[in-house]
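Visitor: After the structure tokens below, expect a handful of questions from me.
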Amino acid sequence: MSNAPTARQKFWERAFASTVVLYTFGATYVVWKTLTKYGANWLVYFIIDVPTSWFYGISASRLVVSVVKKRFHEVTKWGWLAAINFAIPQIYILYYAHHASRQTLMIFALVITGLAISSVYTLWTQIKKSRRSE
């Protein structure tokens, strides 16, 4: 039994990854409008966020497939890759926007926490939906 993604899986993981990359444009706009005055460079953020968003989308999709197909030896790999690719742009912002007020950093931390919770919830619902359709 091959673990290679099917053509259908590749289509959906690329569609999801593309959607995540589209989100990058909105996130970059927010960084440009709110965090450049604190030391974050919106262009560097964008250059970091585009590829990591793509790889986050692919790895998150493969994480769902691995759980649904009970390939638990792959779950850790895809889970870590998704988490790392999600975190890298946020780490850049936290590091370079160090001149921001405590309130601004708290708002940013709350947004990131909300996005992380939303990501986990989305993965969880996709896994449940996929298991029901089998």
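In the structure tokens, the first chain shown is A, the next is B, and so on; residue numbers restart at 1 for each chain, and ligands run from 1 in the order shown.
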Skip Asp49 in chain A itself and residues of its chain fewer than 5 positions away, then list as a list in words all residues within 8 Å of it, counting only C-alpha atoms.

Guide: Val21, Thr24, Ile88 and Pro89 of chain A

Visitor: Since we have the selection now, will you write its residues out, keeping C-alpha atoms, as a PDB file, in the first residue's frame?

Guide:
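In the end it all went to selection33.pdb:
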```
ATOM      1  CA  VAL A  21      -1.221  31.791   0.993  1.00  0.00           C
ATOM      2  CA  THR A  24      -0.859  35.967   3.784  1.00  0.00           C
ATOM      3  CA  ILE A  88       7.991  31.011  11.852  1.00  0.00           C
ATOM      4  CA  PRO A  89       6.304  34.245  10.614  1.00  0.00           C
TER       5      PRO A  89
END
```

Visitor: Set out as a Markdown table a contact list for range 69-97 of chain A and range 102-124 of chain A with a cut-off of 10 Å, giving each residue of range 69-97 of chain A that qualifies its closest atom pair and distance in Å to one decimal, counting only C-alpha atoms, ordered by chain and rising residue number.

Guide:
```
| residue | atom | partner | partner_atom | distance |
| --- | --- | --- | --- | --- |
| A:Ala82 | CA | A:Ser119 | CA | 9.9 |
| A:Ala83 | CA | A:Ala116 | CA | 8.9 |
| A:Phe86 | CA | A:Ala116 | CA | 8.2 |
| A:Ala87 | CA | A:Ile112 | CA | 9.0 |
| A:Gln90 | CA | A:Ile112 | CA | 7.5 |
| A:Ile93 | CA | A:Phe108 | CA | 9.1 |
| A:Leu94 | CA | A:Leu105 | CA | 7.6 |
| A:Ala97 | CA | A:Leu105 | CA | 8.3 |
```

Visitor: Please provide as a list in words all residues within 9 Å of range 1-16 of chain A, with the sequence filter that same-chain residues fewer than 3 positions apart are discarded (counting only C-alpha atoms).

Guide: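 The contact residues come out as Thr19, Val20, Val21, Trp54, Gly57, Ile58, Ser59, Ala60, Ser61, Arg62, Val65 and Arg71 of chain A.
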
Visitor: Take the residues from that selection and put them in a file with C-alpha atoms, as a CSV table (one decimal), in the first residue's frame.

Guide:
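Wrote selection_28.csv, looks like this:
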```csv
chain,number,residue,atom,x,y,z
A,19,THR,CA,-6.1,29.6,0.5
A,20,VAL,CA,-3.6,29.9,3.3
A,21,VAL,CA,-1.2,31.8,1.0
A,54,TRP,CA,2.3,27.0,1.5
A,57,GLY,CA,-1.2,24.2,4.1
A,58,ILE,CA,0.5,21.1,2.6
A,59,SER,CA,1.6,19.7,5.9
A,60,ALA,CA,-1.7,20.4,7.6
A,61,SER,CA,-3.6,18.6,4.8
A,62,ARG,CA,-1.2,15.6,5.1
A,65,VAL,CA,-5.0,12.4,5.8
A,71,ARG,CA,-0.9,6.3,9.6
```

Visitor: Could you name the residues that touch Trp42 in chain A at 6 Å or less, counting only C-alpha atoms, but leaving out those on the same chain fewer than 2 positions away, as a count of residues only?

Guide: 4

Visitor: Enumerate, as a PyMOL selection string, the complete set of residues in chain A that a backbone-based DSSP assignment places in alpha helix (DSSP H).

Guide: chain A and resi 7-34+42-68+72-96+102-133

Visitor: What separation in Å, quoted to one decimal, exists between CA of Gly39 in chain A and CA of His99 in chain A?

Guide: 6.6 Å
